[in-house]
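Source file: work-v3.tsv (TSV, C-alpha atoms)
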chain	number	residue	atom	x	y	z
A	1	MET	CA	0.00	0.00	0.00
A	2	VAL	CA	1.35	3.45	-0.88
A	3	PHE	CA	0.25	6.73	0.62
A	4	ALA	CA	0.73	10.22	-0.72
A	5	CYS	CA	0.36	13.27	1.46
A	6	ILE	CA	-0.64	16.42	-0.45
A	7	LEU	CA	-0.38	19.78	1.26
A	8	GLY	CA	-2.91	22.36	0.16
A	9	ASN	CA	-4.46	25.44	1.72
A	10	ARG	CA	-6.12	23.49	4.50
A	11	SER	CA	-4.62	23.39	7.98
A	12	ARG	CA	-4.12	19.64	7.62
A	13	SER	CA	-2.97	17.60	4.66
A	14	ALA	CA	-5.34	15.52	2.58
A	15	LEU	CA	-4.52	11.84	2.37
A	16	VAL	CA	-4.57	10.00	-0.92
A	17	ARG	CA	-4.65	6.25	-1.01
A	18	LEU	CA	-3.38	4.69	-4.21
A	19	ALA	CA	-5.07	1.34	-4.70
A	20	ALA	CA	-4.54	-1.18	-7.48
A	21	ALA	CA	-7.97	-0.46	-8.89
A	22	GLY	CA	-7.40	3.30	-8.91
A	23	ALA	CA	-6.94	6.26	-6.62
A	24	PHE	CA	-9.54	7.78	-4.33
A	25	PHE	CA	-9.50	10.54	-1.72
A	26	LEU	CA	-10.34	10.07	1.91
A	27	SER	CA	-12.19	12.78	3.78
A	28	ALA	CA	-10.27	15.55	5.47
A	29	GLY	CA	-11.25	14.09	8.82
A	30	ALA	CA	-9.30	10.94	8.00
A	31	ALA	CA	-6.17	12.87	7.08
A	32	PHE	CA	-2.97	12.62	9.05
A	33	ALA	CA	-3.45	14.39	12.34
A	34	GLY	CA	0.05	14.44	13.78
A	35	CYS	CA	0.08	12.76	17.18
A	36	GLY	CA	-2.63	10.29	18.07
A	37	GLN	CA	-2.74	8.29	14.85
A	38	SER	CA	-0.68	5.28	13.86
A	39	MET	CA	0.63	4.80	10.32
A	40	GLU	CA	1.54	1.86	8.16
A	41	PRO	CA	5.29	1.16	8.39
A	42	GLY	CA	7.54	1.23	5.34
A	43	ARG	CA	8.23	3.63	2.47
A	44	HIS	CA	5.48	5.90	1.19
A	45	ALA	CA	5.18	8.56	-1.49
A	46	LEU	CA	4.77	12.18	-0.38
A	47	MET	CA	3.67	15.22	-2.39
A	48	ILE	CA	4.20	18.70	-0.98
A	49	GLU	CA	2.70	21.71	-2.71
A	50	THR	CA	5.11	24.66	-2.84
A	51	ASP	CA	4.42	27.83	-4.85
A	52	GLY	CA	1.56	26.06	-6.59
A	53	VAL	CA	3.70	23.11	-7.67
A	54	ALA	CA	3.33	19.57	-6.30
A	55	ARG	CA	6.81	18.42	-5.31
A	56	GLN	CA	7.79	14.79	-4.75
A	57	ALA	CA	9.31	13.03	-1.75
A	58	VAL	CA	9.44	9.63	-0.06
A	59	TYR	CA	9.18	9.01	3.66
A	60	TYR	CA	9.83	5.95	5.81
A	61	VAL	CA	7.82	5.03	8.90
A	62	PRO	CA	9.45	2.56	11.33
A	63	SER	CA	7.45	-0.41	12.57
A	64	SER	CA	7.68	0.96	16.12
A	65	TYR	CA	5.79	4.17	15.25
A	66	THR	CA	2.49	4.45	17.12
A	67	GLY	CA	1.66	8.13	16.73
A	68	LYS	CA	1.57	8.48	20.50
A	69	ASP	CA	5.17	9.46	21.20
A	70	LYS	CA	7.04	12.27	19.48
A	71	VAL	CA	9.88	10.87	17.40
A	72	PRO	CA	12.89	12.43	15.65
A	73	VAL	CA	13.06	13.01	11.87
A	74	VAL	CA	16.01	12.86	9.46
A	75	PHE	CA	15.78	14.43	6.00
A	76	ASP	CA	17.94	12.66	3.39
A	77	PHE	CA	19.00	14.74	0.34
A	78	HIS	CA	19.93	12.76	-2.79
A	79	GLY	CA	22.87	13.48	-5.09
A	80	SER	CA	22.60	14.65	-8.68
A	81	ASN	CA	21.25	12.12	-11.19
A	82	SER	CA	19.40	10.29	-8.43
A	83	ASN	CA	16.03	10.26	-6.68
A	84	PRO	CA	14.58	9.73	-3.18
A	85	ASP	CA	14.28	5.94	-3.41
A	86	GLY	CA	17.76	5.71	-4.91
A	87	GLN	CA	19.14	7.80	-2.06
A	88	PHE	CA	17.56	5.59	0.61
A	89	ASN	CA	19.08	2.60	-1.19
A	90	ARG	CA	22.45	4.32	-1.17
A	91	SER	CA	22.48	5.75	2.35
A	92	SER	CA	20.32	3.23	4.23
A	93	TRP	CA	18.79	6.01	6.31
A	94	ASP	CA	15.53	4.06	6.22
A	95	LYS	CA	17.32	1.10	7.83
A	96	VAL	CA	18.75	3.37	10.52
A	97	ALA	CA	15.24	4.78	11.06
A	98	GLU	CA	13.80	1.29	11.47
A	99	LYS	CA	16.46	0.31	13.99
A	100	ASN	CA	16.19	3.51	16.02
A	101	GLY	CA	12.50	4.38	15.73
A	102	PHE	CA	12.48	7.68	13.84
A	103	ILE	CA	11.01	8.92	10.54
A	104	ALA	CA	13.22	9.43	7.49
A	105	VAL	CA	12.21	11.75	4.65
A	106	ALA	CA	13.92	11.95	1.23
A	107	LEU	CA	13.01	14.99	-0.87
A	108	GLN	CA	13.34	15.20	-4.67
A	109	GLY	CA	15.24	17.94	-6.52
A	110	SER	CA	13.52	19.96	-9.24
A	111	LEU	CA	16.09	19.67	-12.04
A	112	PRO	CA	15.95	16.73	-14.47
A	113	GLY	CA	18.83	14.26	-14.27
A	114	LYS	CA	20.77	12.80	-17.16
A	115	THR	CA	18.64	9.63	-17.18
A	116	ALA	CA	14.88	9.16	-16.90
A	117	GLY	CA	13.58	9.19	-13.35
A	118	THR	CA	16.60	10.97	-11.89
A	119	TYR	CA	16.91	14.53	-10.62
A	120	ALA	CA	19.30	17.19	-9.33
A	121	TRP	CA	19.04	20.20	-7.04
A	122	ASN	CA	18.73	23.80	-8.19
A	123	VAL	CA	21.40	25.06	-5.78
A	124	PRO	CA	21.10	28.86	-5.48
A	125	PHE	CA	23.86	31.11	-6.88
A	126	VAL	CA	25.75	28.20	-8.42
A	127	ALA	CA	25.87	27.46	-12.15
A	128	VAL	CA	24.75	23.90	-12.82
A	129	SER	CA	27.33	21.79	-14.66
A	130	THR	CA	26.28	19.89	-17.78
A	131	ALA	CA	27.91	16.93	-16.07
A	132	ILE	CA	24.95	17.00	-13.69
A	133	ILE	CA	21.93	17.70	-15.90
A	134	PRO	CA	21.31	17.37	-19.66
A	135	THR	CA	22.46	20.19	-21.91
A	136	GLY	CA	19.61	22.66	-22.50
A	137	ALA	CA	17.48	21.33	-19.61
A	138	ALA	CA	14.97	23.78	-18.14
A	139	GLY	CA	15.89	25.64	-14.96
A	140	GLY	CA	14.71	24.46	-11.55
A	141	LEU	CA	12.36	25.64	-8.83
A	142	ASP	CA	12.88	27.41	-5.51
A	143	GLU	CA	14.44	24.63	-3.46
A	144	ILE	CA	14.84	26.75	-0.31
A	145	ALA	CA	11.08	27.35	-0.17
A	146	PHE	CA	10.47	23.65	-0.84
A	147	ILE	CA	12.69	22.53	2.04
A	148	LYS	CA	11.08	25.03	4.42
A	149	GLN	CA	7.62	23.80	3.43
A	150	ALA	CA	8.69	20.17	3.76
A	151	VAL	CA	9.89	20.75	7.33
A	152	GLU	CA	6.60	22.42	8.24
A	153	THR	CA	4.61	19.65	6.58
A	154	VAL	CA	6.41	16.94	8.52
A	155	LYS	CA	5.89	18.78	11.80
A	156	GLN	CA	2.17	19.09	11.01
A	157	ASP	CA	1.44	15.63	9.70
A	158	PHE	CA	3.54	13.35	11.90
A	159	CYS	CA	4.03	12.96	15.63
A	160	VAL	CA	7.52	14.40	15.77
A	161	ASP	CA	9.74	16.31	18.14
A	162	PRO	CA	10.49	19.66	16.42
A	163	ALA	CA	13.70	19.95	18.44
A	164	ARG	CA	15.00	16.69	16.95
A	165	ILE	CA	14.76	17.24	13.21
A	166	PHE	CA	18.04	16.63	11.38
A	167	ALA	CA	19.29	16.50	7.80
A	168	SER	CA	21.84	14.57	5.76
A	169	GLY	CA	23.06	15.24	2.22
A	170	TYR	CA	25.13	13.29	-0.29
A	171	SER	CA	27.06	15.07	-3.06
A	172	GLY	CA	24.67	17.50	-4.80
A	173	GLY	CA	22.20	16.96	-1.96
A	174	GLY	CA	24.80	18.05	0.55
A	175	ARG	CA	25.56	21.13	-1.53
A	176	MET	CA	21.82	21.89	-1.46
A	177	LEU	CA	21.68	21.35	2.30
A	178	SER	CA	24.72	23.62	2.72
A	179	ALA	CA	22.98	26.34	0.71
A	180	TYR	CA	19.82	25.96	2.80
A	181	LEU	CA	21.71	26.45	6.06
A	182	CYS	CA	23.74	29.31	4.57
A	183	SER	CA	20.52	31.04	3.49
A	184	GLY	CA	19.39	31.16	7.12
A	185	GLY	CA	17.05	28.20	6.73
A	186	GLU	CA	15.94	26.81	10.07
A	187	GLY	CA	14.40	23.59	11.32
A	188	PHE	CA	17.45	21.31	11.51
A	189	ALA	CA	19.15	20.70	14.86
A	190	GLY	CA	22.14	19.09	13.13
A	191	ALA	CA	23.36	18.28	9.63
A	192	GLY	CA	25.52	15.61	8.03
A	193	PHE	CA	27.40	15.76	4.72
A	194	VAL	CA	28.97	13.05	2.58
A	195	ASN	CA	31.39	14.36	-0.08
A	196	SER	CA	29.46	17.61	-0.21
A	197	LEU	CA	30.05	20.24	2.50
A	198	ARG	CA	30.04	23.86	1.32
A	199	ALA	CA	30.14	27.16	3.21
A	200	GLY	CA	28.97	29.58	0.53
A	201	ARG	CA	29.45	29.81	-3.22
A	202	PRO	CA	33.06	29.71	-4.43
A	203	VAL	CA	34.78	33.02	-5.18
A	204	GLU	CA	38.34	33.70	-6.29
A	205	THR	CA	40.34	36.37	-4.47
A	206	ASP	CA	43.94	37.13	-5.43
A	207	GLY	CA	44.17	33.84	-7.26
A	208	LYS	CA	42.87	31.76	-4.35
A	209	TRP	CA	39.46	30.13	-4.17
A	210	GLY	CA	37.36	30.29	-1.03
A	211	PRO	CA	33.74	30.59	0.16
A	212	ASP	CA	31.92	33.87	-0.35
A	213	LYS	CA	31.46	35.05	3.24
A	214	ALA	CA	28.51	37.24	2.25
A	215	ASN	CA	26.81	34.16	0.78
A	216	CYS	CA	26.59	32.17	4.02
A	217	SER	CA	24.75	33.52	7.06
A	218	PRO	CA	23.28	30.66	9.12
A	219	ALA	CA	20.42	31.49	11.46
A	220	LYS	CA	22.41	30.03	14.37
A	221	PRO	CA	25.40	27.77	15.03
A	222	VAL	CA	24.61	24.24	13.85
A	223	SER	CA	26.27	20.91	14.60
A	224	ILE	CA	27.88	19.36	11.54
A	225	MET	CA	29.37	15.96	10.74
A	226	ALA	CA	31.15	15.83	7.39
A	227	PHE	CA	32.74	12.97	5.45
A	228	ALA	CA	35.27	13.35	2.62
A	229	GLY	CA	37.51	11.14	0.47
A	230	ILE	CA	40.98	12.33	-0.50
A	231	LYS	CA	40.66	10.50	-3.84
A	232	ASP	CA	37.28	12.04	-4.67
A	233	GLU	CA	37.52	13.21	-8.30
A	234	GLN	CA	33.99	14.67	-8.53
A	235	ASN	CA	34.21	17.03	-5.55
A	236	PRO	CA	37.99	17.12	-5.00
A	237	TYR	CA	39.19	17.10	-1.41
A	238	ALA	CA	41.84	19.74	-2.16
A	239	GLY	CA	39.55	21.90	-4.28
A	240	GLY	CA	39.27	22.56	-8.00
A	241	GLY	CA	36.94	20.49	-10.17
A	242	SER	CA	33.64	21.90	-11.42
A	243	ALA	CA	32.72	25.58	-11.15
A	244	TYR	CA	30.33	24.84	-8.29
A	245	TRP	CA	33.15	23.32	-6.15
A	246	GLN	CA	36.62	24.98	-6.38
A	247	TYR	CA	37.61	25.35	-2.71
A	248	GLY	CA	38.56	22.26	-0.73
A	249	PHE	CA	37.17	20.36	2.23
A	250	LYS	CA	39.54	21.87	4.79
A	251	THR	CA	38.56	25.37	3.69
A	252	ALA	CA	34.86	24.53	4.07
A	253	ILE	CA	35.45	23.09	7.55
A	254	GLN	CA	37.46	26.13	8.61
A	255	ARG	CA	34.68	28.45	7.45
A	256	TRP	CA	32.06	26.52	9.40
A	257	ASN	CA	34.43	26.51	12.33
A	258	ASP	CA	34.37	30.32	12.15
A	259	LEU	CA	30.59	30.49	11.61
A	260	ASP	CA	29.93	28.23	14.61
A	261	GLY	CA	32.44	30.09	16.78
A	262	CYS	CA	34.44	26.95	17.57
A	263	LYS	CA	37.55	27.12	19.76
A	264	GLY	CA	40.59	24.91	20.11
A	265	SER	CA	41.70	22.21	17.67
A	266	ASP	CA	39.90	19.20	16.28
A	267	ASP	CA	42.36	16.81	18.02
A	268	ALA	CA	42.49	14.64	14.89
A	269	LYS	CA	43.39	10.97	15.15
A	270	THR	CA	44.06	8.48	12.35
A	271	LEU	CA	43.35	4.76	12.27
A	272	ASP	CA	43.34	2.40	9.27
A	273	GLY	CA	43.49	5.26	6.79
A	274	VAL	CA	40.58	7.14	8.37
A	275	THR	CA	41.16	10.43	10.19
A	276	PHE	CA	38.57	11.57	12.72
A	277	GLY	CA	38.48	15.02	14.29
A	278	MET	CA	35.96	17.02	16.28
A	279	TYR	CA	35.62	20.59	17.42
A	280	GLY	CA	33.53	20.17	20.55
A	281	THR	CA	33.60	23.72	21.90
A	282	CYS	CA	31.43	25.90	19.69
A	283	LYS	CA	28.70	28.45	20.27
A	284	ASN	CA	25.19	27.35	21.21
A	285	GLY	CA	26.45	23.84	22.04
A	286	ALA	CA	27.28	23.11	18.39
A	287	ARG	CA	29.98	20.59	17.38
A	288	ILE	CA	31.82	19.95	14.13
A	289	ALA	CA	33.04	16.41	13.43
A	290	THR	CA	34.91	15.16	10.37
A	291	TYR	CA	35.87	11.81	8.85
A	292	VAL	CA	38.47	11.85	6.06
A	293	PHE	CA	39.29	8.67	4.13
A	294	ALA	CA	42.80	8.37	2.69
A	295	ASN	CA	41.50	6.03	-0.02
A	296	GLY	CA	38.00	7.46	-0.19
A	297	THR	CA	36.47	8.27	-3.56
A	298	HIS	CA	33.17	9.99	-4.36
A	299	ASP	CA	31.21	6.86	-3.44
A	300	TRP	CA	29.26	6.63	-0.19
A	301	PRO	CA	31.57	4.85	2.31
A	302	LYS	CA	30.44	1.63	3.91
A	303	PRO	CA	31.95	-0.83	6.37
A	304	ILE	CA	33.45	-4.04	5.08
A	305	VAL	CA	30.91	-6.83	5.56
A	306	ALA	CA	32.91	-8.98	7.98
A	307	LYS	CA	33.62	-6.19	10.41
A	308	GLN	CA	30.08	-4.88	10.07
A	309	ALA	CA	28.88	-8.22	11.45
A	310	VAL	CA	31.23	-7.93	14.42
A	311	LEU	CA	30.06	-4.38	15.15
A	312	ALA	CA	26.43	-5.47	14.92
A	313	ALA	CA	27.11	-8.27	17.41
A	314	ALA	CA	28.82	-5.77	19.70
A	315	LYS	CA	25.91	-3.34	19.56
A	316	ASP	CA	23.48	-6.11	20.44
A	317	GLY	CA	25.57	-7.08	23.47
A	318	ALA	CA	25.29	-5.54	26.91
A	319	ALA	CA	28.88	-4.34	27.32
A	320	SER	CA	29.59	-2.56	30.56
A	321	VAL	CA	30.93	0.97	30.87
A	322	THR	CA	34.15	-0.53	32.23
A	323	LYS	CA	34.67	-2.66	29.12
A	324	VAL	CA	34.02	0.30	26.84
A	325	ALA	CA	36.55	2.35	28.78
A	326	VAL	CA	39.17	-0.38	28.33
A	327	VAL	CA	38.60	-0.43	24.57
A	328	ALA	CA	38.83	3.36	24.46
A	329	ALA	CA	42.13	3.35	26.31
A	330	ALA	CA	43.64	0.70	24.04
A	331	LYS	CA	42.84	2.36	20.71
A	332	PRO	CA	42.08	5.80	19.28
A	333	ALA	CA	38.66	6.86	20.52
A	334	PHE	CA	36.77	6.18	17.30
A	335	ASP	CA	35.87	3.31	15.01
A	336	SER	CA	37.57	3.50	11.62
A	337	ASN	CA	35.09	1.13	10.01
A	338	VAL	CA	32.59	3.90	9.42
A	339	ASP	CA	29.01	3.78	8.22
A	340	PRO	CA	28.02	7.45	7.67
A	341	ALA	CA	24.29	7.15	8.37
A	342	PHE	CA	24.68	5.19	11.60
A	343	ARG	CA	27.54	7.46	12.64
A	344	MET	CA	25.54	10.61	11.92
A	345	TRP	CA	22.63	9.25	13.91
A	346	ASP	CA	24.91	8.67	16.91
A	347	PHE	CA	26.17	12.23	16.47
A	348	PHE	CA	22.66	13.69	16.19
A	349	ALA	CA	21.12	11.68	18.99
A	350	LYS	CA	23.66	11.97	21.81
A	351	ALA	CA	24.38	15.19	23.61
A	352	ASP	CA	27.25	13.70	25.64
A	353	LEU	CA	30.43	14.47	23.71
A	354	THR	CA	32.03	11.22	24.87
A	355	ASP	CA	29.36	9.25	23.03
A	356	VAL	CA	29.47	10.75	19.57
A	357	VAL	CA	32.41	8.80	18.15
A	358	ALA	CA	31.06	5.25	18.30
A	359	ILE	CA	33.44	3.21	20.43
A	360	ALA	CA	32.67	-0.45	19.72
A	361	ALA	CA	31.96	-2.73	22.67
A	362	PRO	CA	33.67	-6.16	22.73
A	363	ALA	CA	31.86	-8.56	20.44
A	364	LYS	CA	30.43	-11.79	21.79
A	365	SER	CA	31.17	-13.47	18.50
A	366	ALA	CA	34.66	-14.77	17.77
A	367	VAL	CA	34.28	-13.90	14.08
A	368	ALA	CA	37.59	-12.70	12.66
A	369	ALA	CA	37.52	-9.51	10.62
A	370	LYS	CA	39.92	-7.16	8.92
A	371	SER	CA	39.57	-3.50	9.78
A	372	GLY	CA	39.20	-0.93	7.08
A	373	THR	CA	36.58	0.67	4.90
A	374	SER	CA	35.25	-0.16	1.48
A	375	VAL	CA	32.96	2.02	-0.61
A	376	ALA	CA	29.45	1.51	-1.95
A	377	SER	CA	29.48	1.20	-5.72
A	378	ASP	CA	26.61	1.93	-8.08
A	379	CYS	CA	24.38	-0.85	-9.34
A	380	ALA	CA	26.09	-1.26	-12.69
A	381	SER	CA	29.60	-1.68	-11.34
A	382	GLN	CA	28.39	-3.94	-8.54
A	383	ALA	CA	26.66	-6.13	-11.12
A	384	ALA	CA	29.85	-6.33	-13.15
A	385	ILE	CA	31.79	-7.49	-10.10
A	386	GLU	CA	29.24	-9.98	-8.84
A	387	GLY	CA	27.84	-11.12	-12.19
A	388	MET	CA	24.34	-10.14	-11.12
A	389	PRO	CA	21.64	-8.02	-12.78
A	390	CYS	CA	20.92	-4.61	-11.28
A	391	SER	CA	17.49	-5.78	-10.13
A	392	ILE	CA	18.95	-8.34	-7.74
A	393	SER	CA	17.72	-7.99	-4.17
A	394	GLN	CA	20.28	-7.97	-1.38
A	395	PRO	CA	20.09	-9.24	2.20
A	396	ASN	CA	18.86	-6.67	4.69
A	397	THR	CA	22.13	-6.93	6.58
A	398	MET	CA	24.09	-5.49	3.65
A	399	ARG	CA	24.31	-2.00	2.22
A	400	ARG	CA	22.04	-1.66	-0.80
A	401	SER	CA	23.61	-0.14	-3.87
A	402	GLY	CA	21.56	2.77	-5.20
A	403	GLN	CA	19.74	1.68	-8.32
A	404	GLY	CA	19.12	4.61	-10.62
A	405	VAL	CA	21.84	6.71	-9.00
A	406	GLN	CA	24.71	6.14	-11.40
A	407	ASP	CA	26.97	9.15	-11.89
A	408	ALA	CA	25.41	10.83	-8.87
A	409	LEU	CA	27.29	14.04	-8.13

I need this file expressed as structure tokens, please.
Amino acid sequence: MVFACILGNRSRSALVRLAAAGAFFLSAGAAFAGCGQSMEPGRHALMIETDGVARQAVYYVPSSYTGKDKVPVVFDFHGSNSNPDGQFNRSSWDKVAEKNGFIAVALQGSLPGKTAGTYAWNVPFVAVSTAIIPTGAAGGLDEIAFIKQAVETVKQDFCVDPARIFASGYSGGGRMLSAYLCSGGEGFAGAGFVNSLRAGRPVETDGKWGPDKANCSPAKPVSIMAFAGIKDEQNPYAGGGSAYWQYGFKTAIQRWNDLDGCKGSDDAKTLDGVTFGMYGTCKNGARIATYVFANGTHDWPKPIVAKQAVLAAAKDGAASVTKVAVVAAAKPAFDSNVDPAFRMWDFFAKADLTDVVAIAAPAKSAVAAKSGTSVASDCASQAAIEGMPCSISQPNTMRRSGQGVQDAL
């Protein structure tokens, strides 16, 4: 069963039920009413009217949702040449939502992608590369207004805690999320970025590229967790690349460090080719955390399968605080086998700074595993490696490659 929520001029959204025999409207009284009403778990279609245009999205409801308790929300922004379903497949935010009992929402950009059924974001003040959308494609819509309306719609239609609404963006989606925050857009208590963090449009001054300071004025300091790969050729770690990119990851982090009023150093530590750092003393309780992969490319990072199983076993165990402390003392205080969505959720959900870096508890299982990080490939390349068609289904315990998200930027 698929539901679509359409926001109009009424105070509450009208609910549309799409049945096999056709579509029919339920009365306004049966519409979503925020708290007090349960919902069918799983993925559902969502339409949000902004400036007279019905915009598309997909949301995920965890099986634990009852409509009685206010739950957090995470918005998931897809990369260029992708779509909401493809982004969930890539990021697994819906799996994280199921495990942790929150709602995940993936919005859809307004620009057409290079293949049918894919899209890109109309990032303000940045020329769109023809590597992202087809040559001659029509311009996009007001994405800032769309995101603002989407946040309000979610607060109205679901039983959510408005203080625990977060956002995550991959590639072009992260550039869009950066632009939203820079525009003064509110509603997100924290934001995560994979191969995508920006701090204003790029400008060149005296031969050096950097963020336009006048182009980024956040409403307030915001906690940020950002991931980057040194071997990323689409959005280069050191800067350069397409016109929309130019300045590097370190420059973006430094600018956000200034915007959030952070003090001290990030106390960076490196393990297995992954460097973790965090500025924990910023204004308004904000924090800035970074993960940099020495061998990381533009793909969404994922843990290697063997170690992922060990970490899962550890999370299911009841390790004592003493055991965790021993592990922390023996190794750098972070896990190098990083899954961005799970790591961002830990970062978003825990106010205690000692808890935001995911120290693994001892596993009950004696399964041997190599440490390290692999990367999620697109469906086509995964099929070539495994000799499988792109339509193959994968076990729920594994990262799902994003079908329909090839060449996502």

Item to check | Surrounding residues of Gly261 (chain A) excluding itself and chain neighbours under 5 positions, 9 Å, only C-alpha atoms, as a count of residues only | outcome: 7

Item to check | Residue nearest Gln56 (chain A) - candidates A:Val73, A:Ile103, A:Gln108, A:Ala179, atoms counted: only C-alpha atoms | outcome: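 When distances to Gln56 (chain A) are compared using only C-alpha atoms, the smallest one comes from A:Gln108.
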
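For the choices A:Asp232, A:Asp267, A:Asp212, A:Asp260, the atom-to-atom distance to Val126 (chain A) is smallest for A:Asp212 when using all atoms listed in the file.
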
Checklist entry - Could you tell me, as a PyMOL selection string, which residues have any atom at most 12 Å from (17.6, 15.3, 18.1), counting only C-alpha atoms? => result chain A and resi 70-74+102-103+160-167+187-191+223+344-351

Next on the checklist: One number please: CA of Tyr170 (chain A) to CA of Asp272 (chain A), in Å, one decimal.
Outcome noted: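 Answer for the CA of Tyr170 (chain A) to CA of Asp272 (chain A) separation: 23.3 Å.
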
Centre and edges of the region 333-337 of chain A box, axis-aligned, 5 Å extra per side, as AutoDock Vina command-line options:
--center_x 36.9 --center_y 4.0 --center_z 15.3 --size_x 13.6 --size_y 15.7 --size_z 20.5

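Atom pair CA of Val151 (chain A) / CA of Val105 (chain A) has a distance of 9.7 Å (rounded to one decimal).
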
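Picture a line from CA of Thr297 (chain A) to CA of Ile230 (chain A); it runs 6.8 Å.
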
Item to check | Protein, DNA and RNA residues within 9 Å of (9.3, 4.2, 1.2), all atoms listed in the file, as a ChimeraX atom specification | outcome: /A:2,41-45,58-61,84-85,88,94,105

Checklist entry - Using only C-alpha atoms, which of A:Pro301, A:Pro218, A:Gly240, A:Gly172 sits nearest His78 (chain A)? => result A:Gly172

Checklist entry - Got a sec: who's within 7 Å of Thr275 (chain A), counting only C-alpha atoms, leaving out chain neighbours fewer than 2 positions off, as a PyMOL selection string? => result chain A and resi 268-271+273+277+291-293

Item to check | Which residue of A:Gly210, A:Arg201, A:Met176, A:Asn257 approaches Ala238 (chain A) most closely, using all atoms listed in the file | outcome: A:Gly210

Item to check | Selection near Gly79 (chain A), 12 Å with all atoms listed in the file, sequence-local residues under 4 positions removed, as a VMD selection string | outcome: chain A and resid 83 to 88 90 to 91 106 to 109 111 113 118 to 123 132 to 133 168 to 177 193 to 196 234 to 235 298 to 300 402 404 to 409

Checklist entry - Using only C-alpha atoms, which of A:Asn81, A:Ser64, A:Asn100, A:Ser92 sits nearest Lys114 (chain A)? => result A:Asn81

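Comparing the minimum interatomic distances between Glu49 (chain A) and each of A:Lys148, A:Lys68, A:Lys95, A:Lys250, counting all atoms listed in the file, we find that A:Lys148 sits nearest.
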